[in-house]
>>> print(open('query15.cif').read())   # mmCIF, C-alpha atoms
data_my_file
loop_
_atom_site.group_PDB
_atom_site.id
_atom_site.type_symbol
_atom_site.label_atom_id
_atom_site.label_comp_id
_atom_site.auth_asym_id
_atom_site.auth_seq_id
_atom_site.Cartn_x
_atom_site.Cartn_y
_atom_site.Cartn_z
ATOM 1 C CA MET A 1 15.360 23.919 11.631
ATOM 2 C CA ILE A 2 13.445 21.526 9.433
ATOM 3 C CA SER A 3 9.826 21.304 10.409
ATOM 4 C CA LEU A 4 7.293 18.568 9.745
ATOM 5 C CA SER A 5 5.695 20.615 6.984
ATOM 6 C CA ASP A 6 8.966 20.605 4.999
ATOM 7 C CA TYR A 7 9.000 16.821 4.940
ATOM 8 C CA LEU A 8 5.300 16.687 4.114
ATOM 9 C CA ILE A 9 5.636 19.125 1.218
ATOM 10 C CA LEU A 10 8.656 17.241 -0.129
ATOM 11 C CA SER A 11 6.709 14.006 -0.173
ATOM 12 C CA ALA A 12 3.709 15.781 -1.708
ATOM 13 C CA ILE A 13 5.953 16.897 -4.571
ATOM 14 C CA ILE A 14 7.202 13.338 -5.078
ATOM 15 C CA PHE A 15 3.598 12.085 -5.036
ATOM 16 C CA CYS A 16 2.608 14.572 -7.728
ATOM 17 C CA ILE A 17 5.587 13.670 -9.896
ATOM 18 C CA GLY A 18 4.478 10.051 -9.736
ATOM 19 C CA LEU A 19 0.913 11.063 -10.587
ATOM 20 C CA ALA A 20 2.051 13.125 -13.575
ATOM 21 C CA GLY A 21 4.209 10.217 -14.715
ATOM 22 C CA ILE A 22 1.167 7.950 -14.852
ATOM 23 C CA PHE A 23 -0.687 10.582 -16.872
ATOM 24 C CA ILE A 24 1.934 11.386 -19.467
ATOM 25 C CA ASN A 25 3.658 8.109 -20.181
ATOM 26 C CA ARG A 26 2.681 5.999 -23.120
ATOM 27 C CA ALA A 27 6.013 4.269 -23.514
ATOM 28 C CA ASN A 28 5.346 1.075 -21.635
ATOM 29 C CA ILE A 29 3.742 -0.389 -18.575
ATOM 30 C CA ILE A 30 7.066 -0.753 -16.745
ATOM 31 C CA ILE A 31 7.175 3.032 -16.348
ATOM 32 C CA LEU A 32 3.668 2.943 -14.886
ATOM 33 C CA LEU A 33 4.762 0.356 -12.301
ATOM 34 C CA MET A 34 7.733 2.535 -11.407
ATOM 35 C CA CYS A 35 5.459 5.555 -10.968
ATOM 36 C CA ILE A 36 3.413 3.508 -8.496
ATOM 37 C CA GLU A 37 6.659 2.809 -6.632
ATOM 38 C CA LEU A 38 7.329 6.548 -6.525
ATOM 39 C CA ILE A 39 3.884 7.238 -5.061
ATOM 40 C CA LEU A 40 4.396 4.564 -2.410
ATOM 41 C CA LEU A 41 7.766 6.118 -1.561
ATOM 42 C CA ALA A 42 6.052 9.462 -0.932
ATOM 43 C CA VAL A 43 3.490 7.798 1.322
ATOM 44 C CA ASN A 44 6.252 6.025 3.252
ATOM 45 C CA THR A 45 8.122 9.278 3.758
ATOM 46 C CA ASN A 46 4.945 10.797 5.203
ATOM 47 C CA PHE A 47 4.576 7.891 7.628
ATOM 48 C CA ILE A 48 8.185 8.140 8.793
ATOM 49 C CA ALA A 49 8.023 11.917 9.230
ATOM 50 C CA PHE A 50 4.926 11.640 11.400
ATOM 51 C CA SER A 51 6.485 8.761 13.328
ATOM 52 C CA TYR A 52 9.563 10.871 14.063
ATOM 53 C CA PHE A 53 7.738 14.030 15.081
ATOM 54 C CA LEU A 54 5.127 12.250 17.200
ATOM 55 C CA GLY A 55 7.631 9.853 18.793
ATOM 56 C CA ASP A 56 5.663 6.745 17.892
ATOM 57 C CA GLU A 57 7.209 3.711 16.217
ATOM 58 C CA ALA A 58 3.895 2.435 14.815
ATOM 59 C CA GLY A 59 4.383 4.534 11.695
ATOM 60 C CA GLN A 60 7.662 2.825 10.928
ATOM 61 C CA ILE A 61 6.009 -0.566 11.343
ATOM 62 C CA PHE A 62 3.340 0.479 8.882
ATOM 63 C CA VAL A 63 6.084 1.395 6.395
ATOM 64 C CA PHE A 64 7.540 -2.071 6.899
ATOM 65 C CA PHE A 65 4.262 -3.664 5.832
ATOM 66 C CA ILE A 66 3.861 -1.277 2.904
ATOM 67 C CA LEU A 67 7.293 -2.324 1.658
ATOM 68 C CA THR A 68 6.223 -5.983 1.861
ATOM 69 C CA VAL A 69 3.005 -5.406 -0.051
ATOM 70 C CA ALA A 70 4.814 -3.315 -2.676
ATOM 71 C CA ALA A 71 7.373 -6.059 -3.252
ATOM 72 C CA ALA A 72 4.585 -8.602 -3.775
ATOM 73 C CA GLU A 73 2.780 -6.213 -6.111
ATOM 74 C CA VAL A 74 5.884 -5.625 -8.210
ATOM 75 C CA SER A 75 6.612 -9.313 -8.604
ATOM 76 C CA ILE A 76 3.082 -10.130 -9.736
ATOM 77 C CA GLY A 77 2.963 -7.051 -11.966
ATOM 78 C CA LEU A 78 6.165 -8.016 -13.720
ATOM 79 C CA ALA A 79 4.871 -11.573 -14.168
ATOM 80 C CA ILE A 80 1.720 -10.219 -15.822
ATOM 81 C CA LEU A 81 3.926 -7.980 -17.967
ATOM 82 C CA THR A 82 5.957 -10.959 -19.128
ATOM 83 C CA LEU A 83 2.754 -12.779 -20.070
ATOM 84 C CA LEU A 84 1.499 -9.734 -21.963
ATOM 85 C CA PHE A 85 4.740 -9.459 -23.894
ATOM 86 C CA ARG A 86 4.683 -13.170 -24.685
ATOM 87 C CA ASN A 87 1.135 -13.014 -26.015
ATOM 88 C CA SER A 88 1.131 -9.702 -27.875
ATOM 89 C CA GLY A 89 4.789 -8.954 -28.550
ATOM 90 C CA SER A 90 4.616 -5.487 -27.066
ATOM 91 C CA ILE A 91 4.081 -3.852 -23.716
ATOM 92 C CA SER A 92 2.820 -0.525 -24.954
ATOM 93 C CA VAL A 93 -0.074 0.925 -23.022
ATOM 94 C CA ASP A 94 -2.147 0.834 -26.230
ATOM 95 C CA VAL A 95 -2.103 -2.947 -26.242
ATOM 96 C CA ILE A 96 -4.169 -3.140 -23.084
ATOM 97 C CA SER A 97 -7.063 -1.326 -24.725
ATOM 98 C CA ASN A 98 -7.562 -4.386 -26.950
ATOM 99 C CA LEU A 99 -9.886 -5.584 -24.227
ATOM 100 C CA LYS A 100 -12.368 -2.880 -25.262
ATOM 101 C CA ARG A 101 -13.205 -4.502 -28.577
ATOM 102 C CA MET B 1 21.519 22.121 13.033
ATOM 103 C CA LEU B 2 22.649 23.980 9.945
ATOM 104 C CA PHE B 3 24.463 20.884 8.698
ATOM 105 C CA ILE B 4 21.253 18.828 8.869
ATOM 106 C CA GLN B 5 19.415 21.572 7.012
ATOM 107 C CA ILE B 6 21.990 21.537 4.232
ATOM 108 C CA LEU B 7 21.726 17.747 4.035
ATOM 109 C CA PHE B 8 17.936 17.923 3.851
ATOM 110 C CA TYR B 9 17.943 20.422 1.000
ATOM 111 C CA VAL B 10 20.655 18.591 -0.955
ATOM 112 C CA PHE B 11 18.909 15.235 -0.695
ATOM 113 C CA GLY B 12 15.485 16.749 -1.324
ATOM 114 C CA PHE B 13 16.781 18.446 -4.464
ATOM 115 C CA LEU B 14 18.334 15.162 -5.637
ATOM 116 C CA LEU B 15 15.082 13.340 -4.902
ATOM 117 C CA ILE B 16 12.955 15.722 -6.961
ATOM 118 C CA VAL B 17 15.389 15.990 -9.868
ATOM 119 C CA SER B 18 15.944 12.251 -10.154
ATOM 120 C CA SER B 19 12.249 11.437 -9.988
ATOM 121 C CA LEU B 20 11.534 14.030 -12.687
ATOM 122 C CA ALA B 21 14.286 12.503 -14.809
ATOM 123 C CA MET B 22 12.747 9.088 -14.215
ATOM 124 C CA ILE B 23 9.351 9.986 -15.654
ATOM 125 C CA LEU B 24 10.854 11.966 -18.539
ATOM 126 C CA ALA B 25 13.501 9.470 -19.679
ATOM 127 C CA ARG B 26 12.804 7.811 -23.025
ATOM 128 C CA ASN B 27 14.845 4.714 -22.346
ATOM 129 C CA SER B 28 13.292 2.473 -19.708
ATOM 130 C CA ALA B 29 16.653 1.174 -18.475
ATOM 131 C CA LYS B 30 17.723 4.763 -17.822
ATOM 132 C CA SER B 31 14.567 5.474 -15.913
ATOM 133 C CA VAL B 32 15.177 2.435 -13.708
ATOM 134 C CA LEU B 33 18.624 3.831 -12.905
ATOM 135 C CA PHE B 34 17.107 7.212 -12.043
ATOM 136 C CA LEU B 35 14.612 5.457 -9.794
ATOM 137 C CA ILE B 36 17.543 3.841 -7.974
ATOM 138 C CA LEU B 37 19.000 7.302 -7.389
ATOM 139 C CA THR B 38 15.589 8.396 -6.104
ATOM 140 C CA PHE B 39 15.529 5.538 -3.618
ATOM 141 C CA PHE B 40 19.017 6.358 -2.385
ATOM 142 C CA SER B 41 18.081 9.991 -1.765
ATOM 143 C CA ALA B 42 14.881 8.936 -0.011
ATOM 144 C CA ALA B 43 16.863 6.562 2.191
ATOM 145 C CA SER B 44 19.163 9.436 3.150
ATOM 146 C CA ILE B 45 16.168 11.529 4.129
ATOM 147 C CA TRP B 46 14.810 8.634 6.182
ATOM 148 C CA ILE B 47 18.134 8.470 8.014
ATOM 149 C CA LEU B 48 17.730 12.164 8.838
ATOM 150 C CA LEU B 49 14.383 11.142 10.370
ATOM 151 C CA GLU B 50 16.128 8.490 12.509
ATOM 152 C CA ALA B 51 14.553 5.536 10.734
ATOM 153 C CA GLU B 52 17.821 3.719 10.099
ATOM 154 C CA PHE B 53 16.420 0.214 9.769
ATOM 155 C CA LEU B 54 13.871 1.201 7.156
ATOM 156 C CA ALA B 55 16.431 3.226 5.212
ATOM 157 C CA ILE B 56 18.763 0.235 4.990
ATOM 158 C CA THR B 57 15.808 -2.018 4.141
ATOM 159 C CA LEU B 58 14.841 0.342 1.340
ATOM 160 C CA ILE B 59 18.304 0.091 -0.172
ATOM 161 C CA LEU B 60 18.735 -3.650 0.366
ATOM 162 C CA VAL B 61 15.251 -4.766 -0.642
ATOM 163 C CA TYR B 62 14.329 -2.176 -3.223
ATOM 164 C CA VAL B 63 17.609 -1.349 -4.901
ATOM 165 C CA GLY B 64 19.029 -4.802 -4.333
ATOM 166 C CA ALA B 65 16.064 -6.911 -5.357
ATOM 167 C CA VAL B 66 13.123 -5.058 -6.872
ATOM 168 C CA MET B 67 15.078 -2.698 -9.106
ATOM 169 C CA VAL B 68 17.297 -5.542 -10.286
ATOM 170 C CA LEU B 69 14.102 -7.415 -11.120
ATOM 171 C CA PHE B 70 12.942 -4.416 -13.181
ATOM 172 C CA LEU B 71 16.274 -4.275 -15.026
ATOM 173 C CA PHE B 72 16.150 -8.019 -15.573
ATOM 174 C CA VAL B 73 12.673 -7.835 -17.109
ATOM 175 C CA ILE B 74 13.661 -4.895 -19.306
ATOM 176 C CA LYS B 75 16.708 -6.708 -20.626
ATOM 177 C CA MET B 76 14.872 -10.015 -20.981
ATOM 178 C CA LEU B 77 11.892 -8.656 -22.912
ATOM 179 C CA ASP B 78 14.015 -6.683 -25.367
ATOM 180 C CA ILE B 79 11.462 -3.905 -25.492
ATOM 181 C CA ASP B 80 13.760 -1.116 -26.561
ATOM 182 C CA LYS B 81 12.800 -1.740 -30.162
ATOM 183 C CA SER B 82 9.116 -1.337 -29.464
ATOM 184 C CA THR B 83 9.485 1.797 -27.360
ATOM 185 C CA LEU B 84 11.803 3.773 -29.590
ATOM 186 C CA LYS B 85 8.887 5.523 -31.232
ATOM 187 C CA ALA B 86 7.040 5.991 -27.971
ATOM 188 C CA LYS B 87 6.219 9.498 -27.030
ATOM 189 C CA PHE B 88 4.202 11.336 -24.459
ATOM 190 C CA THR B 89 0.449 11.185 -24.671
ATOM 191 C CA GLY B 90 -1.862 14.037 -25.435
ATOM 192 C CA TYR B 91 -2.565 14.096 -21.741
ATOM 193 C CA LEU B 92 0.691 15.965 -21.071
ATOM 194 C CA PRO B 93 -0.916 19.397 -20.381
ATOM 195 C CA LEU B 94 -3.694 17.814 -18.344
ATOM 196 C CA GLY B 95 -1.248 15.746 -16.308
ATOM 197 C CA VAL B 96 1.008 18.700 -15.563
ATOM 198 C CA ALA B 97 -2.018 20.830 -14.642
ATOM 199 C CA VAL B 98 -3.406 18.194 -12.282
ATOM 200 C CA ALA B 99 0.003 17.712 -10.640
ATOM 201 C CA ALA B 100 0.492 21.465 -10.209
ATOM 202 C CA ILE B 101 -2.973 21.910 -8.699
ATOM 203 C CA VAL B 102 -2.428 19.031 -6.296
ATOM 204 C CA ILE B 103 0.954 20.426 -5.230
ATOM 205 C CA ILE B 104 -0.522 23.873 -4.608
ATOM 206 C CA GLU B 105 -3.428 22.449 -2.621
ATOM 207 C CA MET B 106 -1.165 20.256 -0.539
ATOM 208 C CA ALA B 107 1.242 23.126 0.107
ATOM 209 C CA LEU B 108 -1.691 25.186 1.381
ATOM 210 C CA VAL B 109 -2.872 22.408 3.655
ATOM 211 C CA LEU B 110 0.530 21.202 4.811
ATOM 212 C CA GLY B 111 2.117 24.626 5.182
ATOM 213 C CA SER B 112 3.969 25.764 8.260
ATOM 214 C CA LYS B 113 0.794 27.269 9.689
ATOM 215 C CA GLN B 114 -0.632 23.817 10.360
ATOM 216 C CA PHE B 115 2.440 21.615 10.629
ATOM 217 C CA GLY B 116 5.138 24.118 11.547
ATOM 218 C CA LEU B 117 7.599 23.963 14.400
ATOM 219 C CA HIS B 118 5.224 25.705 16.790
ATOM 220 C CA LYS B 119 2.703 22.881 16.353
ATOM 221 C CA PHE B 120 5.094 19.955 16.119
ATOM 222 C CA SER B 121 8.294 20.839 17.889
ATOM 223 C CA LEU B 122 11.508 19.093 16.952
ATOM 224 C CA PRO B 123 11.939 15.990 19.120
ATOM 225 C CA GLU B 124 15.221 15.646 20.875
ATOM 226 C CA ARG B 125 17.804 13.311 19.427
ATOM 227 C CA HIS B 126 18.056 9.823 20.834
ATOM 228 C CA PRO B 127 21.177 8.945 22.872
ATOM 229 C CA SER B 128 23.991 7.134 21.120
ATOM 230 C CA ASP B 129 23.099 3.747 22.594
ATOM 231 C CA TYR B 130 19.571 3.934 21.146
ATOM 232 C CA SER B 131 18.860 1.143 18.691
ATOM 233 C CA ASN B 132 16.122 1.721 16.166
ATOM 234 C CA ILE B 133 16.015 -1.940 15.140
ATOM 235 C CA THR B 134 15.553 -3.052 18.763
ATOM 236 C CA GLU B 135 12.604 -0.715 19.180
ATOM 237 C CA LEU B 136 11.018 -1.901 15.947
ATOM 238 C CA ALA B 137 11.575 -5.554 16.838
ATOM 239 C CA MET B 138 10.022 -5.071 20.281
ATOM 240 C CA GLN B 139 6.865 -3.729 18.638
ATOM 241 C CA LEU B 140 6.862 -6.105 15.711
ATOM 242 C CA TYR B 141 7.136 -9.323 17.700
ATOM 243 C CA THR B 142 4.641 -8.348 20.386
ATOM 244 C CA SER B 143 1.836 -6.077 19.248
ATOM 245 C CA TYR B 144 2.129 -6.688 15.521
ATOM 246 C CA VAL B 145 3.027 -10.364 15.390
ATOM 247 C CA TYR B 146 -0.209 -11.373 13.653
ATOM 248 C CA PRO B 147 0.195 -8.852 10.793
ATOM 249 C CA PHE B 148 3.809 -9.985 10.563
ATOM 250 C CA GLU B 149 2.729 -13.589 9.949
ATOM 251 C CA LEU B 150 0.138 -12.384 7.453
ATOM 252 C CA ALA B 151 2.872 -10.527 5.580
ATOM 253 C CA ALA B 152 4.820 -13.766 5.332
ATOM 254 C CA VAL B 153 1.749 -15.518 3.910
ATOM 255 C CA LEU B 154 1.314 -12.654 1.453
ATOM 256 C CA LEU B 155 4.876 -13.085 0.203
ATOM 257 C CA LEU B 156 4.267 -16.828 -0.208
ATOM 258 C CA ILE B 157 1.147 -16.078 -2.267
ATOM 259 C CA ALA B 158 3.167 -13.674 -4.402
ATOM 260 C CA ILE B 159 5.804 -16.341 -5.065
ATOM 261 C CA ILE B 160 3.217 -18.968 -6.015
ATOM 262 C CA SER B 161 1.161 -16.670 -8.201
ATOM 263 C CA SER B 162 4.064 -15.224 -10.134
ATOM 264 C CA ILE B 163 5.514 -18.658 -10.797
ATOM 265 C CA THR B 164 2.084 -19.927 -11.867
ATOM 266 C CA LEU B 165 1.583 -16.965 -14.192
ATOM 267 C CA VAL B 166 4.797 -17.310 -16.151
ATOM 268 C CA HIS B 167 4.984 -21.090 -16.059
ATOM 269 C CA ARG B 168 4.656 -22.547 -19.545
ATOM 270 C CA SER B 169 3.257 -26.059 -19.717
ATOM 271 C CA ASP B 170 4.013 -26.951 -23.329
ATOM 272 C CA GLY B 171 4.102 -30.714 -22.822
ATOM 273 C CA LYS B 172 7.788 -31.045 -23.593
ATOM 274 C CA ARG B 173 8.764 -30.945 -19.974
ATOM 275 C CA LYS B 174 9.381 -34.246 -18.186
ATOM 276 C CA SER B 175 7.037 -34.429 -15.246
ATOM 277 C CA GLN B 176 5.528 -37.021 -13.001
ATOM 278 C CA SER B 177 2.010 -38.293 -13.736
ATOM 279 C CA VAL B 178 0.627 -39.719 -10.538
ATOM 280 C CA SER B 179 -2.508 -41.293 -12.043
ATOM 281 C CA ALA B 180 -0.481 -43.123 -14.656
ATOM 282 C CA GLN B 181 1.792 -44.418 -11.940
ATOM 283 C CA VAL B 182 -1.077 -45.654 -9.824
ATOM 284 C CA ASN B 183 -3.020 -47.261 -12.657
ATOM 285 C CA VAL B 184 -0.133 -49.226 -14.067
ATOM 286 C CA LYS B 185 -0.614 -53.021 -14.338
ATOM 287 C CA ALA B 186 2.031 -55.662 -13.970
ATOM 288 C CA LYS B 187 1.697 -56.786 -17.596
ATOM 289 C CA ASP B 188 2.570 -53.290 -18.791
ATOM 290 C CA ARG B 189 5.923 -53.430 -17.143
ATOM 291 C CA ILE B 190 7.015 -57.098 -17.331
ATOM 292 C CA ARG B 191 7.121 -59.107 -20.524
ATOM 293 C CA VAL B 192 7.428 -62.856 -20.000
ATOM 294 C CA VAL B 193 9.374 -64.476 -22.814
ATOM 295 C CA LYS B 194 9.591 -68.195 -23.388
ATOM 296 C CA ILE B 195 13.070 -69.255 -24.415
ATOM 297 C CA ASP B 196 14.193 -72.783 -25.159
ATOM 298 C CA SER B 197 16.935 -73.678 -22.764
ATOM 299 C CA LYS B 198 19.359 -75.122 -25.319
ATOM 300 C CA ILE B 199 23.043 -74.515 -25.329
ATOM 301 C CA ASN B 200 24.866 -75.201 -28.600
ATOM 302 C CA GLY B 201 22.009 -77.303 -29.833
ATOM 303 C CA VAL B 202 22.292 -79.768 -26.902
ATOM 304 C CA LYS B 203 19.350 -80.155 -24.598
ATOM 305 C CA ASN B 204 20.494 -79.236 -21.171
ATOM 306 C CA ASP B 205 18.585 -81.277 -18.638
#
>>> encode(input="query15.cif", output="structure tokens")
Amino acid sequence: MISLSDYLILSAIIFCIGLAGIFINRANIIILLMCIELILLAVNTNFIAFSYFLGDEAGQIFVFFILTVAAAEVSIGLAILTLLFRNSGSISVDVISNLKR
Amino acid sequence: MLFIQILFYVFGFLLIVSSLAMILARNSAKSVLFLILTFFSAASIWILLEAEFLAITLILVYVGAVMVLFLFVIKMLDIDKSTLKAKFTGYLPLGVAVAAIVIIEMALVLGSKQFGLHKFSLPERHPSDYSNITELAMQLYTSYVYPFELAAVLLLIAIISSITLVHRSDGKRKSQSVSAQVNVKAKDRIRVVKIDSKINGVKND
């Protein structure tokens, strides 16, 4: 028997993997965007698990809207990334800190 | 019931392993592919939770559109040169420590003492003629119709803003200038030329 806490702990693990990915990656900003996707996936799994165990479809509708917002966020993020690459020739995380100077 | 348990553990294991491989992969194209595997495993787990519509939406929208967009950007920007020397930051121990602490805290809070089967009992399976998409549509087009319209507006804003961001107006493009069209005078367009109406040197009148 799989209880609600199994699903919740699974999505907590996915959340923490996404968090650690944001911490440790210096490669490029695309990886950071993908880590945000991972975190949103964990949140969505939480919503669906609660929706199933409480017998309420409102959680699934919330996931629907989260998917919409995430798609919009990814498209704008990738557009900004393209601009950054066009202007600086690199998408390393270090480039963003140019704003500090 | 045992079969569902086996499915849950197999897909959960795949989910964790592929997301770990995603954040540890050096090549960004490889990590996009691992993220696709992550989404597939998550969709399988959502199907175990009887959210069929959202599972199929996750595969169609995310794997079919968003991940392809990621791959497209990676291939278009040709960034593999610039990331070959990329390595993990000095924050690696801190990041792992924070993630481990958060997992332990969440496992304490979300353990079976608070969210176990004796608190939230397993709901009974829906009959075979139950349609998840019908239920969602009934809610979405009645109680949540205003947020639904707002989501459509949000997607429109995303389209406009991303096109505006990457649009390059370098002057070489042929475009319509409305003010020039309105302010044009007749003498700019028509040139009246006086020509003698002679044919073969003979006056023709």
>>> axis_aligned_box(input="query15.cif", around="region 41-59 of chain A", padding_each_side="5 Å", output="AutoDock Vina command-line options")
--center_x 6.5 --center_y 8.2 --center_z 8.6 --size_x 16.1 --size_y 21.6 --size_z 30.4
>>> interface_residues(input="query15.cif", of="chain A", to="chain B", cutoff="6 Å", atoms="all atoms listed in the file", output="short mmCIF file (atom, residue, chain, number, x, y, z; two decimals) with C-alpha atoms, in the frame of the given file")
data_model
loop_
_atom_site.label_atom_id
_atom_site.label_comp_id
_atom_site.auth_asym_id
_atom_site.auth_seq_id
_atom_site.Cartn_x
_atom_site.Cartn_y
_atom_site.Cartn_z
CA SER A 3 9.83 21.30 10.41
CA LEU A 4 7.29 18.57 9.74
CA SER A 5 5.70 20.62 6.98
CA CYS A 16 2.61 14.57 -7.73
CA ALA A 20 2.05 13.12 -13.58
CA GLY A 21 4.21 10.22 -14.72
CA PHE A 23 -0.69 10.58 -16.87
CA ILE A 24 1.93 11.39 -19.47
CA ASN A 25 3.66 8.11 -20.18
CA ARG A 26 2.68 6.00 -23.12
CA ALA A 27 6.01 4.27 -23.51
CA ALA A 72 4.58 -8.60 -3.78
CA ILE A 76 3.08 -10.13 -9.74
CA ALA A 79 4.87 -11.57 -14.17
#
>>> atom_distance(input="query15.cif", atom1="CA of Asn28 (chain A)", atom2="CA of Ile91 (chain A)")
5.5 Å
>>> closest_residue(input="query15.cif", among="A:Asn87, A:Asn98, A:Ser11, A:Ser92", to="Phe50 (chain A)", atoms="all atoms listed in the file")
A:Ser11
>>> atom_distance(input="query15.cif", atom1="CA of Ile36 (chain B)", atom2="CA of Leu19 (chain A)")
18.3 Å
>>> atom_distance(input="query15.cif", atom1="CA of Tyr7 (chain A)", atom2="CA of Ile133 (chain B)")
22.5 Å
>>> closest_residue(input="query15.cif", among="B:Arg125, B:Gly64, B:Asn183, B:Glu149", to="Gly55 (chain A)", atoms="all atoms listed in the file")
B:Arg125
>>> residues_around(input="query15.cif", residues="Ile22 (chain A)", least_positions_apart="5", cutoff="8 Å", atoms="all atoms listed in the file", output="mmCIF file with C-alpha atoms, in the coordinates of the input")
data_model
loop_
_atom_site.group_PDB
_atom_site.id
_atom_site.type_symbol
_atom_site.label_atom_id
_atom_site.label_comp_id
_atom_site.auth_asym_id
_atom_site.auth_seq_id
_atom_site.Cartn_x
_atom_site.Cartn_y
_atom_site.Cartn_z
ATOM 1 C CA ILE A 31 7.175 3.032 -16.348
ATOM 2 C CA LEU A 32 3.668 2.943 -14.886
ATOM 3 C CA CYS A 35 5.459 5.555 -10.968
#
>>> resolve_selection(input="query15.cif", expression="the PyMOL selection byres ((chain A and resi 60) around 8)", output="PyMOL selection string")
(chain A and resi 47-48+51+57-59+61-64) or (chain B and resi 51+54+136)
>>> write_last_selection(input="query15.cif", atoms="C-alpha atoms", output="compact mmCIF listing (two decimals), in the coordinates of the input")
# COMPACT_ATOMS: atom_id res chain seq x y z
CA PHE A 47 4.58 7.89 7.63
CA ILE A 48 8.18 8.14 8.79
CA SER A 51 6.48 8.76 13.33
CA GLU A 57 7.21 3.71 16.22
CA ALA A 58 3.90 2.44 14.82
CA GLY A 59 4.38 4.53 11.70
CA ILE A 61 6.01 -0.57 11.34
CA PHE A 62 3.34 0.48 8.88
CA VAL A 63 6.08 1.40 6.40
CA PHE A 64 7.54 -2.07 6.90
CA ALA B 51 14.55 5.54 10.73
CA LEU B 54 13.87 1.20 7.16
CA LEU B 136 11.02 -1.90 15.95
>>> closest_residue(input="query15.cif", among="A:Leu84, A:Ala49, A:Leu33, A:Val69", to="Asp6 (chain A)", atoms="only C-alpha atoms")
A:Ala49
>>> closest_residue(input="query15.cif", among="B:Leu71, B:Ala55, B:Leu37, B:Leu14", to="Thr45 (chain A)", atoms="only C-alpha atoms")
B:Ala55
>>> resolve_selection(input="query15.cif", expression="the PyMOL selection byres ((chain A and resi 41) around 9)", output="tab-separated table (two decimals) with C-alpha atoms, in the coordinates of the input")
chain	number	residue	atom	x	y	z
A	11	SER	CA	6.71	14.01	-0.17
A	14	ILE	CA	7.20	13.34	-5.08
A	15	PHE	CA	3.60	12.08	-5.04
A	36	ILE	CA	3.41	3.51	-8.50
A	37	GLU	CA	6.66	2.81	-6.63
A	38	LEU	CA	7.33	6.55	-6.52
A	39	ILE	CA	3.88	7.24	-5.06
A	40	LEU	CA	4.40	4.56	-2.41
A	42	ALA	CA	6.05	9.46	-0.93
A	43	VAL	CA	3.49	7.80	1.32
A	44	ASN	CA	6.25	6.02	3.25
A	45	THR	CA	8.12	9.28	3.76
A	46	ASN	CA	4.94	10.80	5.20
B	39	PHE	CA	15.53	5.54	-3.62
B	42	ALA	CA	14.88	8.94	-0.01
>>> decode(input="query15.cif", residues="region 21-38 of chain A", atoms="C-alpha atoms", output="compact mmCIF listing (two decimals), in the first residue's frame")
# COMPACT_ATOMS: atom_id res chain seq x y z
CA GLY A 21 21.23 21.79 -8.99
CA ILE A 22 20.73 25.54 -8.72
CA PHE A 23 23.46 25.70 -6.08
CA ILE A 24 26.14 23.67 -7.79
CA ASN A 25 25.83 24.50 -11.45
CA ARG A 26 28.03 27.09 -13.05
CA ALA A 27 27.85 25.67 -16.55
CA ASN A 28 25.12 27.81 -18.01
CA ILE A 29 21.78 29.39 -17.33
CA ILE A 30 19.88 26.74 -19.30
CA ILE A 31 20.63 24.25 -16.52
CA LEU A 32 19.24 26.72 -13.98
CA LEU A 33 16.00 27.01 -15.97
CA MET A 34 15.75 23.23 -16.08
CA CYS A 35 16.26 23.02 -12.32
CA ILE A 36 13.31 25.40 -11.91
CA GLU A 37 11.29 23.01 -14.07
CA LEU A 38 12.28 20.17 -11.75
